[in-house]
file coords-v9.txt (compact mmCIF, C-alpha atoms)
# COMPACT_ATOMS: atom_id res chain seq x y z
CA MET A 157 32.54 -131.82 124.44
CA THR A 158 29.19 -132.50 126.08
CA ALA A 159 26.85 -129.98 127.68
CA GLY A 160 27.86 -130.95 131.22
CA THR A 161 31.63 -130.89 130.76
CA SER A 162 34.20 -128.26 129.90
CA VAL A 163 37.80 -127.82 128.82
CA ILE A 164 38.79 -127.35 132.47
CA ARG A 165 39.74 -130.68 134.01
CA GLY A 166 37.63 -131.90 136.86
CA THR A 167 34.33 -130.19 136.05
CA THR A 168 31.22 -132.09 135.28
CA THR A 169 27.50 -131.50 135.26
CA PRO A 170 26.61 -128.94 137.95
CA THR A 171 24.89 -129.90 141.16
CA HIS A 172 21.46 -128.56 142.12
CA GLY A 173 21.36 -124.71 142.42
CA THR A 174 24.64 -123.85 140.69
CA THR A 175 25.40 -123.20 137.07
CA THR A 176 28.08 -124.60 134.82
CA ALA A 177 29.78 -121.17 134.80
CA GLU A 178 29.99 -121.13 138.60
CA HIS A 179 31.55 -124.59 138.60
CA GLU A 180 34.00 -123.57 135.91
CA LEU A 181 34.96 -120.47 137.88
CA ALA A 182 35.49 -122.54 141.04
CA ALA A 183 37.57 -125.03 139.05
CA LEU A 184 39.65 -122.16 137.61
CA GLN A 185 40.29 -120.92 141.12
CA ARG A 186 41.31 -124.36 142.39
CA GLU A 187 43.53 -125.19 139.42
CA HIS A 188 45.12 -121.81 138.64
CA GLY A 189 44.52 -119.66 141.74
CA GLY A 190 47.89 -120.39 143.39
CA PRO A 191 50.13 -119.50 140.43
CA LEU A 192 47.86 -116.55 139.57
CA PHE A 193 48.12 -115.13 143.09
CA ALA A 194 51.89 -115.73 143.21
CA LEU A 195 52.40 -113.76 139.99
CA LEU A 196 50.19 -110.91 141.16
CA LEU A 197 51.88 -110.78 144.57
CA ARG A 198 55.22 -110.23 142.83
CA LEU A 199 53.73 -107.63 140.48
CA CYS A 200 52.10 -105.82 143.43
CA ASP A 201 55.37 -105.62 145.40
CA GLY A 202 54.06 -107.93 148.10
CA ASP A 203 50.75 -106.12 148.67
CA ARG A 204 48.50 -109.11 149.46
CA GLN A 205 45.24 -107.15 149.38
CA ARG A 206 45.95 -105.68 145.96
CA ALA A 207 47.08 -109.08 144.64
CA GLU A 208 43.88 -110.71 145.92
CA ASP A 209 41.76 -107.98 144.33
CA LEU A 210 43.52 -108.39 140.99
CA ALA A 211 43.24 -112.20 141.14
CA GLN A 212 39.52 -111.83 141.71
CA GLU A 213 39.27 -109.35 138.84
CA THR A 214 41.15 -111.78 136.59
CA LEU A 215 38.68 -114.55 137.40
CA VAL A 216 35.77 -112.18 136.76
CA ARG A 217 37.26 -111.41 133.34
CA ALA A 218 37.49 -115.14 132.67
CA TRP A 219 33.84 -115.53 133.65
CA GLN A 220 32.90 -112.61 131.37
CA HIS A 221 34.79 -114.18 128.44
CA PRO A 222 33.88 -117.89 128.39
CA GLU A 223 35.02 -118.08 124.76
CA ALA A 224 38.61 -117.73 125.97
CA LEU A 225 38.18 -120.60 128.39
CA HIS A 226 36.70 -122.94 125.79
CA ALA A 227 39.02 -122.21 122.87
CA ASP A 228 40.29 -125.41 121.36
CA ALA A 229 43.65 -123.79 120.56
CA PHE A 230 44.67 -123.84 124.26
CA ASP A 231 45.92 -126.89 126.11
CA SER A 232 45.48 -124.82 129.30
CA VAL A 233 43.84 -121.51 130.12
CA ARG A 234 46.67 -120.59 132.49
CA PRO A 235 48.64 -118.53 129.94
CA TRP A 236 45.50 -116.52 129.14
CA LEU A 237 44.78 -115.98 132.86
CA LEU A 238 48.37 -114.93 133.61
CA THR A 239 48.38 -112.51 130.67
CA VAL A 240 45.12 -110.93 131.83
CA ALA A 241 46.44 -110.73 135.41
CA ARG A 242 49.71 -109.12 134.29
CA ARG A 243 47.84 -106.51 132.21
CA LEU A 244 45.49 -105.74 135.11
CA ALA A 245 48.46 -105.28 137.44
CA ILE A 246 50.18 -102.95 134.97
CA ASP A 247 46.98 -100.92 134.52
CA ALA A 248 46.51 -100.66 138.30
CA ARG A 249 50.11 -99.49 138.79
CA ARG A 250 49.74 -96.86 136.04
CA ALA A 251 46.46 -95.66 137.55
CA ARG A 252 48.10 -95.25 140.99
CA GLN A 253 51.03 -93.35 139.48
CA ALA A 254 48.75 -91.07 137.47
CA ARG A 255 46.90 -89.72 140.51
CA PRO A 256 48.31 -87.96 143.55
CA PRO A 257 49.30 -90.17 146.46
CA GLU A 258 46.51 -90.99 148.86
CA VAL A 259 46.72 -89.65 152.38
CA GLY A 260 44.85 -90.77 155.42
CA ASP A 261 42.57 -88.74 157.59
CA ALA A 262 45.35 -88.12 160.11
CA VAL A 263 46.96 -84.69 160.20
CA PRO A 264 50.65 -84.92 159.30
CA GLU A 265 52.96 -84.23 162.24
CA ASP A 266 54.68 -81.36 160.42
CA ALA A 267 51.45 -79.66 159.32
CA ARG A 268 51.03 -76.09 160.48
CA VAL A 269 48.09 -75.57 162.75
CA THR A 270 46.23 -72.44 161.76
CA ALA A 271 43.89 -70.55 164.00
CA ASP A 272 40.34 -70.05 162.92
CA HIS A 273 38.94 -66.63 161.98
CA ALA A 274 37.64 -65.84 165.47
CA GLU A 275 41.02 -66.54 167.11
CA ARG A 276 42.79 -64.39 164.54
CA ALA A 277 40.34 -61.51 165.06
CA ALA A 278 40.83 -61.72 168.84
CA ALA A 279 44.61 -61.69 168.40
CA VAL A 280 44.39 -58.58 166.18
CA LEU A 281 42.38 -56.77 168.84
CA ASP A 282 44.86 -57.79 171.56
CA VAL A 283 47.81 -56.52 169.52
CA ARG A 284 46.08 -53.22 168.72
CA GLU A 285 45.41 -52.60 172.41
CA ALA A 286 48.99 -53.52 173.30
CA VAL A 287 50.45 -51.20 170.64
CA LYS A 288 48.45 -48.31 172.18
CA THR A 289 50.46 -48.78 175.41
CA LEU A 290 53.76 -47.97 173.63
CA THR A 291 55.33 -44.53 173.54
CA PRO A 292 54.58 -42.62 170.33
CA GLU A 293 58.22 -42.97 169.17
CA HIS A 294 58.21 -46.75 169.63
CA ARG A 295 54.74 -47.07 168.10
CA ASP A 296 55.73 -45.09 164.97
CA VAL A 297 58.76 -47.33 164.33
CA LEU A 298 56.78 -50.50 164.97
CA VAL A 299 53.95 -49.47 162.64
CA LEU A 300 56.32 -48.56 159.82
CA VAL A 301 58.68 -51.53 160.07
CA TYR A 302 56.40 -54.40 161.13
CA PHE A 303 52.92 -53.44 159.99
CA ARG A 304 53.67 -51.53 156.79
CA GLY A 305 56.78 -53.52 155.83
CA ALA A 306 59.18 -50.59 155.51
CA SER A 307 62.89 -51.29 155.64
CA VAL A 308 65.01 -49.79 158.40
CA ALA A 309 66.41 -47.23 155.93
CA GLU A 310 62.91 -46.26 154.69
CA ALA A 311 61.63 -45.88 158.27
CA ALA A 312 64.68 -43.77 159.15
CA ARG A 313 64.05 -41.44 156.19
CA THR A 314 60.31 -41.19 156.95
CA LEU A 315 60.84 -40.43 160.66
CA GLY A 316 63.97 -38.32 160.14
CA ILE A 317 66.08 -40.36 162.55
CA PRO A 318 69.23 -42.50 162.10
CA PRO A 319 68.83 -46.19 161.12
CA GLY A 320 70.44 -47.27 164.41
CA THR A 321 67.72 -45.46 166.32
CA VAL A 322 65.04 -47.23 164.25
CA LYS A 323 66.60 -50.58 165.18
CA SER A 324 66.86 -49.66 168.83
CA ARG A 325 63.29 -48.42 169.06
CA ALA A 326 62.00 -51.51 167.25
CA PHE A 327 63.87 -53.74 169.69
CA TYR A 328 62.49 -51.96 172.76
CA ALA A 329 58.99 -51.79 171.29
CA LEU A 330 58.94 -55.56 170.77
CA ARG A 331 60.30 -56.13 174.26
CA ALA A 332 57.50 -54.00 175.70
CA LEU A 333 54.90 -55.89 173.66
CA ARG A 334 56.25 -59.22 174.95
CA ARG A 335 55.60 -58.03 178.50
CA VAL A 336 52.07 -56.85 177.67
CA LEU A 337 51.22 -59.90 175.52
CA PRO A 338 52.82 -62.87 177.33
CA GLY A 339 50.74 -65.44 175.40
CA TYR A 340 52.07 -64.09 172.10
CA ALA A 341 55.75 -63.96 173.06
CA ALA A 342 56.74 -66.69 170.58
CA ASP A 343 55.14 -64.72 167.70
CA LEU A 344 57.02 -61.50 168.52
CA HIS A 345 60.52 -62.50 167.41
call {"tool": "encode", "arguments": {"input": "coords-v9.txt", "output": "structure tokens"}}
result
Amino acid sequence: MTAGTSVIRGTTTPTHGTTTAEHELAALQREHGGPLFALLLRLCDGDRQRAEDLAQETLVRAWQHPEALHADAFDSVRPWLLTVARRLAIDARRARQARPPEVGDAVPEDARVTADHAERAAAVLDVREAVKTLTPEHRDVLVLVYFRGASVAEAARTLGIPPGTVKSRAFYALRALRRVLPGYAADLH
């Protein structure tokens, strides 16, 4: 083999401004690019962008390892290229599976919208003022059951009234709050 030729068919001495390696890389692309891309497209489940990226990476590996391209044991470098491409595709698939799925910048439709701290503080003040408008009996039941998390039976024991009365007072207290806080009606169920 002479200095201006290579194992790859169709390459000769480079023209002005390009190197032998660049010509060899271009020749690799022309001769093996189609089958290489077809293999990678299948391995990437039809994702053209990923297949193109992996084809480019395969050719970069070939450029980084000229000894593989010039080995006398090969009639063609295609098997070496396809093996490298297949391994790159497998590595890329494993890397994608090893990390959490990527999500875009868009907010998912089912995501809960949470109010910021200022809105929450304003809501707390509104509810406190509304609770002050309730009768003491209704307020006591509401505070025990909804704010302190007591069960109906525990509230009944604490207040010394029957459980049915606790339920009734809680119902009427919430109804009164819905009238005083119309913007919060959906939260008071």
call {"tool": "residues_around", "arguments": {"input": "coords-v9.txt", "residues": "Ala329 of chain A", "least_positions_apart": "2", "cutoff": "10 Å", "atoms": "only C-alpha atoms", "output": "PyMOL selection string"}}
result
chain A and resi 287+289-291+293-298+323-327+331-334
call {"tool": "closest_residue", "arguments": {"input": "coords-v9.txt", "among": "A:Pro235, A:Pro191, A:Gly202, A:Pro222", "to": "Glu178 of chain A", "atoms": "all atoms listed in the file"}}
result
A:Pro222
call {"tool": "atom_distance", "arguments": {"input": "coords-v9.txt", "atom1": "atom CA of Ala274 of chain A", "atom2": "atom CA of Leu330 of chain A"}}
result
24.2 Å
call {"tool": "atom_distance", "arguments": {"input": "coords-v9.txt", "atom1": "atom CA of Phe193 of chain A", "atom2": "atom CA of Ala254 of chain A"}}
result
24.7 Å
call {"tool": "atom_distance", "arguments": {"input": "coords-v9.txt", "atom1": "atom CA of Thr214 of chain A", "atom2": "atom CA of Ala241 of chain A"}}
result
5.5 Å
call {"tool": "residues_around", "arguments": {"input": "coords-v9.txt", "residues": "Arg217 of chain A", "least_positions_apart": "6", "cutoff": "12 Å", "atoms": "only C-alpha atoms", "output": "list in words"}}
result
Leu181, Leu184, Leu210, Ala211, Glu223, Ala224, Leu225, Trp236, Leu237, Leu238, Thr239, Val240, Ala241, Arg243 and Leu244 of chain A
call {"tool": "residues_around", "arguments": {"input": "coords-v9.txt", "residues": "Ala311 of chain A", "least_positions_apart": "2", "cutoff": "8 Å", "atoms": "all atoms listed in the file", "output": "PyMOL selection string"}}
result
chain A and resi 297+300-301+306-309+313-315+319+322
call {"tool": "closest_residue", "arguments": {"input": "coords-v9.txt", "among": "A:Leu337, A:Arg198, A:Gln220, A:Ala251", "to": "Val280 of chain A", "atoms": "all atoms listed in the file"}}
result
A:Leu337
call {"tool": "closest_residue", "arguments": {"input": "coords-v9.txt", "among": "A:His221, A:Tyr302, A:Arg234, A:Cys200", "to": "Arg249 of chain A", "atoms": "all atoms listed in the file"}}
result
A:Cys200
call {"tool": "closest_residue", "arguments": {"input": "coords-v9.txt", "among": "A:Ala245, A:Ala218, A:Ala207, A:Ala182", "to": "Ala194 of chain A", "atoms": "only C-alpha atoms"}}
result
A:Ala207
call {"tool": "build_atoms", "arguments": {"input": "coords-v9.txt", "residues": "segment 291-317 of chain A", "atoms": "N, CA and C atoms", "output": "CSV table (one decimal), in the coordinates of the input"}}
result
chain,number,residue,atom,x,y,z
A,291,THR,N,55.1,-46.0,173.7
A,291,THR,CA,55.3,-44.5,173.5
A,291,THR,C,55.1,-44.2,172.1
A,292,PRO,N,54.8,-43.0,171.7
A,292,PRO,CA,54.6,-42.6,170.3
A,292,PRO,C,55.8,-42.9,169.4
A,293,GLU,N,57.0,-42.7,170.0
A,293,GLU,CA,58.2,-43.0,169.2
A,293,GLU,C,58.3,-44.5,168.8
A,294,HIS,N,58.1,-45.3,169.9
A,294,HIS,CA,58.2,-46.8,169.6
A,294,HIS,C,57.1,-47.2,168.7
A,295,ARG,N,55.9,-46.7,168.9
A,295,ARG,CA,54.7,-47.1,168.1
A,295,ARG,C,55.0,-46.7,166.6
A,296,ASP,N,55.5,-45.5,166.4
A,296,ASP,CA,55.7,-45.1,165.0
A,296,ASP,C,56.7,-46.0,164.2
A,297,VAL,N,57.8,-46.4,164.9
A,297,VAL,CA,58.8,-47.3,164.3
A,297,VAL,C,58.1,-48.7,164.1
A,298,LEU,N,57.4,-49.2,165.1
A,298,LEU,CA,56.8,-50.5,165.0
A,298,LEU,C,55.8,-50.6,163.8
A,299,VAL,N,55.0,-49.5,163.7
A,299,VAL,CA,54.0,-49.5,162.6
A,299,VAL,C,54.6,-49.5,161.3
A,300,LEU,N,55.7,-48.6,161.1
A,300,LEU,CA,56.3,-48.6,159.8
A,300,LEU,C,57.0,-49.9,159.5
A,301,VAL,N,57.8,-50.4,160.4
A,301,VAL,CA,58.7,-51.5,160.1
A,301,VAL,C,57.9,-52.8,160.0
A,302,TYR,N,57.1,-53.1,161.0
A,302,TYR,CA,56.4,-54.4,161.1
A,302,TYR,C,55.0,-54.5,160.5
A,303,PHE,N,54.3,-53.4,160.5
A,303,PHE,CA,52.9,-53.4,160.0
A,303,PHE,C,52.8,-53.0,158.5
A,304,ARG,N,53.7,-52.0,158.2
A,304,ARG,CA,53.7,-51.5,156.8
A,304,ARG,C,54.8,-52.1,156.0
A,305,GLY,N,55.7,-52.8,156.6
A,305,GLY,CA,56.8,-53.5,155.8
A,305,GLY,C,57.9,-52.6,155.3
A,306,ALA,N,58.1,-51.5,155.9
A,306,ALA,CA,59.2,-50.6,155.5
A,306,ALA,C,60.5,-51.1,156.0
A,307,SER,N,61.5,-50.9,155.2
A,307,SER,CA,62.9,-51.3,155.6
A,307,SER,C,63.4,-50.3,156.7
A,308,VAL,N,64.5,-50.7,157.4
A,308,VAL,CA,65.0,-49.8,158.4
A,308,VAL,C,65.4,-48.4,157.8
A,309,ALA,N,66.0,-48.5,156.6
A,309,ALA,CA,66.4,-47.2,155.9
A,309,ALA,C,65.2,-46.4,155.6
A,310,GLU,N,64.1,-47.0,155.1
A,310,GLU,CA,62.9,-46.3,154.7
A,310,GLU,C,62.3,-45.7,155.9
A,311,ALA,N,62.2,-46.4,157.0
A,311,ALA,CA,61.6,-45.9,158.3
A,311,ALA,C,62.5,-44.7,158.8
A,312,ALA,N,63.8,-44.8,158.7
A,312,ALA,CA,64.7,-43.8,159.2
A,312,ALA,C,64.4,-42.5,158.4
A,313,ARG,N,64.3,-42.6,157.0
A,313,ARG,CA,64.0,-41.4,156.2
A,313,ARG,C,62.7,-40.8,156.5
A,314,THR,N,61.7,-41.7,156.7
A,314,THR,CA,60.3,-41.2,157.0
A,314,THR,C,60.2,-40.5,158.3
A,315,LEU,N,60.9,-41.0,159.3
A,315,LEU,CA,60.8,-40.4,160.7
A,315,LEU,C,61.9,-39.4,160.9
A,316,GLY,N,62.9,-39.3,160.0
A,316,GLY,CA,64.0,-38.3,160.1
A,316,GLY,C,64.9,-38.7,161.3
A,317,ILE,N,65.2,-39.9,161.5
A,317,ILE,CA,66.1,-40.4,162.6
A,317,ILE,C,67.1,-41.3,161.9
